[in-house]
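Peer 1: Could you have a look at this structure, given as structure tokens, before my questions?
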Amino acid sequence: MATLLHLDSAVFPQGSASREVTAAFVQTWREQHPDGQVVYRDLAAEPLPHLNAESVAAGVEHPLRAELAAELAAADAVLIGAPMYNFTIPSTLKAWLDHVIIVGHNVGPESPVAGTLITVVASRGGSYAAGTPREDAEFVQNYLEKLLTSMFAAEVDFIVPELTLAHTNPQMAELIPLADTSRAKALTDAAEKAKALASRLAA
């Protein structure tokens with residue numbers, strides 16, 4: 001029985017683009033993999049404490065860090081909702097990463113996470129794609145891909161719903177068609193990637 005670890009970090013429980021797409025991913029996962037298990041953490045609803053001197057010094061001996069690391073190691077795949085806030089990831093997601101990355105325990109090419117597929121839903125209000133004016137302010141995909149591949153030797157894939165503020169920001173009204181296209185593509189990608197992942201793990 002394969003296990004999917006699902007993390008959401010968007011502040012708002014409703015109206016969140018990243019939550020909508022992760023929910024679509026999980027729905028297809030369950031349909032395609034009815035015997036699979038989903039372990040869920042809502043990092044916004046139940047935020048983790050920031051690292052302190054005690055938890056850093058204790059490493060994997062710290063109860064919370066040990067729990068999170070074991071949860072990650074037991075997952076066959078990981079799904080992360082990572083909306084862009086102020087050009088980067090939510091602090092709640094950063095706190096999870098700080099706790100779960102334990103040098104000497106799960107970091108490096110021999111990490112128990114090595115080769116695990118981590119799918120990140122990196123939603124953003126505007127566009128930071130290559131060739132756009134804000135390309136140099138993309139600190140979500142660049143950061144998470146570098147971190148997760150270098151620390152865990154994980155396999156990282158992204159789904160990117162963008163221009164999510166177009167429907168609420170009058171200055172972005174002309175971008176609504178592009179926003180709708182991006183949303184539709186993200187939902188399609190979520191279903192297709194979840195289906196492919198379920199097949200891959202069932203093989």
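Residues in the structure tokens are named by chain (A, B, ... in the order shown) and by number from 1 within that chain; ligands are numbered from 1 in the order shown.
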So that I can check the surroundings of region 121-124 of chain A, please list as a PDB file with N, CA and C atoms, in the first residue's frame every protein, DNA and RNA residue that reaches within 6 Å of it, counting only C-alpha atoms and ignoring chain neighbours fewer than 6 positions away.

Peer 2:
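Listed below is the output, part-v2.pdb:
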```
ATOM      1  N   SER A  18      -3.619  26.976  -4.663  1.00  0.00           N
ATOM      2  CA  SER A  18      -2.782  25.802  -4.393  1.00  0.00           C
ATOM      3  C   SER A  18      -3.600  24.689  -3.753  1.00  0.00           C
ATOM      4  N   GLY A  81       1.624  21.925  -1.301  1.00  0.00           N
ATOM      5  CA  GLY A  81       1.019  23.165  -1.756  1.00  0.00           C
ATOM      6  C   GLY A  81       1.866  24.323  -1.282  1.00  0.00           C
ATOM      7  N   ALA A  82       2.463  25.061  -2.221  1.00  0.00           N
ATOM      8  CA  ALA A  82       3.420  26.114  -1.874  1.00  0.00           C
ATOM      9  C   ALA A  82       3.084  27.413  -2.599  1.00  0.00           C
ATOM     10  N   PRO A  83       2.104  28.160  -2.101  1.00  0.00           N
ATOM     11  CA  PRO A  83       1.801  29.450  -2.717  1.00  0.00           C
ATOM     12  C   PRO A  83       2.944  30.436  -2.513  1.00  0.00           C
ATOM     13  N   MET A  84       3.078  31.386  -3.404  1.00  0.00           N
ATOM     14  CA  MET A  84       4.110  32.407  -3.259  1.00  0.00           C
ATOM     15  C   MET A  84       3.579  33.551  -2.397  1.00  0.00           C
ATOM     16  N   PHE A 158       6.863  20.183 -10.704  1.00  0.00           N
ATOM     17  CA  PHE A 158       6.078  21.365 -10.351  1.00  0.00           C
ATOM     18  C   PHE A 158       4.809  21.472 -11.179  1.00  0.00           C
ATOM     19  N   ILE A 159       3.761  21.963 -10.525  1.00  0.00           N
ATOM     20  CA  ILE A 159       2.537  22.416 -11.177  1.00  0.00           C
ATOM     21  C   ILE A 159       2.404  23.888 -10.803  1.00  0.00           C
ATOM     22  N   VAL A 160       2.235  24.772 -11.796  1.00  0.00           N
ATOM     23  CA  VAL A 160       2.314  26.213 -11.517  1.00  0.00           C
ATOM     24  C   VAL A 160       1.063  26.955 -11.995  1.00  0.00           C
ATOM     25  N   PRO A 161       0.034  27.068 -11.145  1.00  0.00           N
ATOM     26  CA  PRO A 161      -1.082  27.950 -11.470  1.00  0.00           C
ATOM     27  C   PRO A 161      -0.679  29.398 -11.204  1.00  0.00           C
ATOM     28  N   GLU A 162      -0.726  30.236 -12.220  1.00  0.00           N
ATOM     29  CA  GLU A 162      -0.266  31.612 -12.048  1.00  0.00           C
ATOM     30  C   GLU A 162      -1.363  32.613 -12.398  1.00  0.00           C
TER      31      GLU A 162
END
```

Peer 1: If we count only C-alpha atoms, what is near Ala179 (chain A) at a cut-off of 9 Å, once residues fewer than 6 positions away on the same chain are taken out, given as a list in words?

Peer 2: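 Listing them by chain and then by number gives Pro161, Glu162, Leu163, Thr164, Leu165, Ala166 and His167 of chain A.
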
Peer 1: Record the distance separating CA of Ala10 (chain A) and CA of Tyr85 (chain A), expressed in Å with one decimal.

Peer 2: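 Between CA of Ala10 (chain A) and CA of Tyr85 (chain A) the gap is 9.1 Å.
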
Peer 1: Could you pull out the residues in region 17-72 of chain A that DSSP calls strand (DSSP E or B) from the backbone, as a PyMOL selection string?

Peer 2: chain A and resi 37-42

Peer 1: Just asking: which residues within chain A are helix (DSSP H, G or I) according to DSSP, as a ChimeraX atom specification?

Peer 2: /A:17-32,53-61,63-74,91-100,135-137,141-152,170-202

Peer 1: Could you pull the residues within 10 Å of Ala196 (chain A), counting only C-alpha atoms, minus those fewer than 6 positions along the same chain, as a short mmCIF file (atom, residue, chain, number, x, y, z; two decimals) with all heavy atoms, in the first residue's frame?

Peer 2:
```cif
data_model
loop_
_atom_site.label_atom_id
_atom_site.label_comp_id
_atom_site.auth_asym_id
_atom_site.auth_seq_id
_atom_site.Cartn_x
_atom_site.Cartn_y
_atom_site.Cartn_z
N THR A 28 -7.72 12.40 -7.63
CA THR A 28 -7.34 11.43 -8.66
C THR A 28 -6.49 10.32 -8.07
O THR A 28 -6.63 9.15 -8.44
CB THR A 28 -6.58 12.14 -9.81
OG1 THR A 28 -7.42 13.14 -10.38
CG2 THR A 28 -6.17 11.15 -10.88
N TRP A 29 -5.59 10.69 -7.18
CA TRP A 29 -4.76 9.68 -6.50
C TRP A 29 -5.64 8.61 -5.85
O TRP A 29 -5.42 7.41 -5.99
CB TRP A 29 -3.87 10.36 -5.47
CG TRP A 29 -3.34 9.44 -4.41
CD1 TRP A 29 -3.94 9.10 -3.22
CD2 TRP A 29 -2.10 8.72 -4.41
NE1 TRP A 29 -3.16 8.23 -2.50
CE2 TRP A 29 -2.03 7.97 -3.21
CE3 TRP A 29 -1.05 8.63 -5.32
CZ2 TRP A 29 -0.94 7.17 -2.89
CZ3 TRP A 29 0.05 7.82 -5.00
CH2 TRP A 29 0.09 7.11 -3.80
N GLN A 32 -7.44 6.42 -8.46
CA GLN A 32 -6.54 5.51 -9.17
C GLN A 32 -5.83 4.54 -8.23
O GLN A 32 -5.31 3.53 -8.67
CB GLN A 32 -5.48 6.33 -9.93
CG GLN A 32 -6.06 7.22 -11.00
CD GLN A 32 -6.67 6.44 -12.14
OE1 GLN A 32 -6.14 5.40 -12.55
NE2 GLN A 32 -7.79 6.93 -12.66
N ALA A 190 -2.60 18.26 -12.56
CA ALA A 190 -2.72 17.57 -11.28
C ALA A 190 -3.32 16.19 -11.47
O ALA A 190 -2.82 15.19 -10.92
CB ALA A 190 -3.57 18.41 -10.32
N ALA A 202 2.20 1.55 -8.42
CA ALA A 202 1.53 0.25 -8.43
C ALA A 202 2.31 -0.78 -9.24
O ALA A 202 2.07 -1.98 -9.12
CB ALA A 202 0.13 0.39 -8.99
#
```

Peer 1: Skip region 71-77 of chain A itself and residues of its chain fewer than 6 positions away, then list as a ChimeraX atom specification all residues within 7 Å of it, counting only C-alpha atoms.

Peer 2: /A:2-5,112-113,116-118

Peer 1: Please produce an output containing N, CA, C and O atoms for each residue in the selection, written as a compact mmCIF listing (two decimals), in the first residue's frame.

Peer 2:
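And here's part.txt as it stands now:
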```
# COMPACT_ATOMS: atom_id res chain seq x y z
N ALA A 2 0.78 2.05 -1.04
CA ALA A 2 1.61 3.24 -1.17
C ALA A 2 1.04 4.39 -0.33
O ALA A 2 -0.17 4.53 -0.17
N THR A 3 1.94 5.24 0.15
CA THR A 3 1.55 6.37 1.00
C THR A 3 1.92 7.68 0.35
O THR A 3 3.06 7.87 -0.09
N LEU A 4 0.96 8.59 0.29
CA LEU A 4 1.18 9.95 -0.19
C LEU A 4 1.16 10.89 0.99
O LEU A 4 0.18 10.94 1.74
N LEU A 5 2.22 11.66 1.18
CA LEU A 5 2.26 12.69 2.20
C LEU A 5 1.84 14.00 1.56
O LEU A 5 2.49 14.47 0.62
N PRO A 112 16.81 8.44 3.06
CA PRO A 112 15.63 7.59 2.84
C PRO A 112 14.62 8.23 1.89
O PRO A 112 13.70 7.56 1.43
N VAL A 113 14.81 9.51 1.61
CA VAL A 113 13.91 10.23 0.70
C VAL A 113 14.45 10.21 -0.73
O VAL A 113 13.78 10.63 -1.67
N THR A 116 12.46 9.79 -4.13
CA THR A 116 11.03 10.00 -3.91
C THR A 116 10.54 11.16 -4.77
O THR A 116 11.20 12.20 -4.85
N LEU A 117 9.38 10.99 -5.40
CA LEU A 117 8.82 12.05 -6.22
C LEU A 117 8.08 13.04 -5.33
O LEU A 117 7.15 12.67 -4.62
N ILE A 118 8.51 14.30 -5.36
CA ILE A 118 7.85 15.38 -4.63
C ILE A 118 7.22 16.31 -5.65
O ILE A 118 7.91 16.93 -6.46
```

Peer 1: Nearest residue to Val78 (chain A) out of A:Leu197, A:Gln27, A:Thr188, A:Glu20, using only C-alpha atoms?

Peer 2: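 Using only C-alpha atoms, the shortest distance to Val78 (chain A) belongs to A:Leu197.
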
Peer 1: Within 12 Å of Gly59 (chain A), counting only C-alpha atoms, which residues qualify if same-chain residues fewer than 3 places away don't, as number ranges by chain?

Peer 2: A: 51-56, 62-69, 98-106

Peer 1: Which residues, written as a list in words, have at least one atom at most 12 Å from Arg30 (chain A), with only C-alpha atoms counted and residues fewer than 3 positions away on the same chain left out?

Peer 2: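 Returned residues: Met1, Ala2, Thr3, Leu4, Ala23, Ala24, Phe25, Val26, Gln27, His33, Pro34, Asp35, Gly36, Gln37, Val38, Ala191, Ala194, Lys195, Leu197, Ala198 and Ser199 of chain A.
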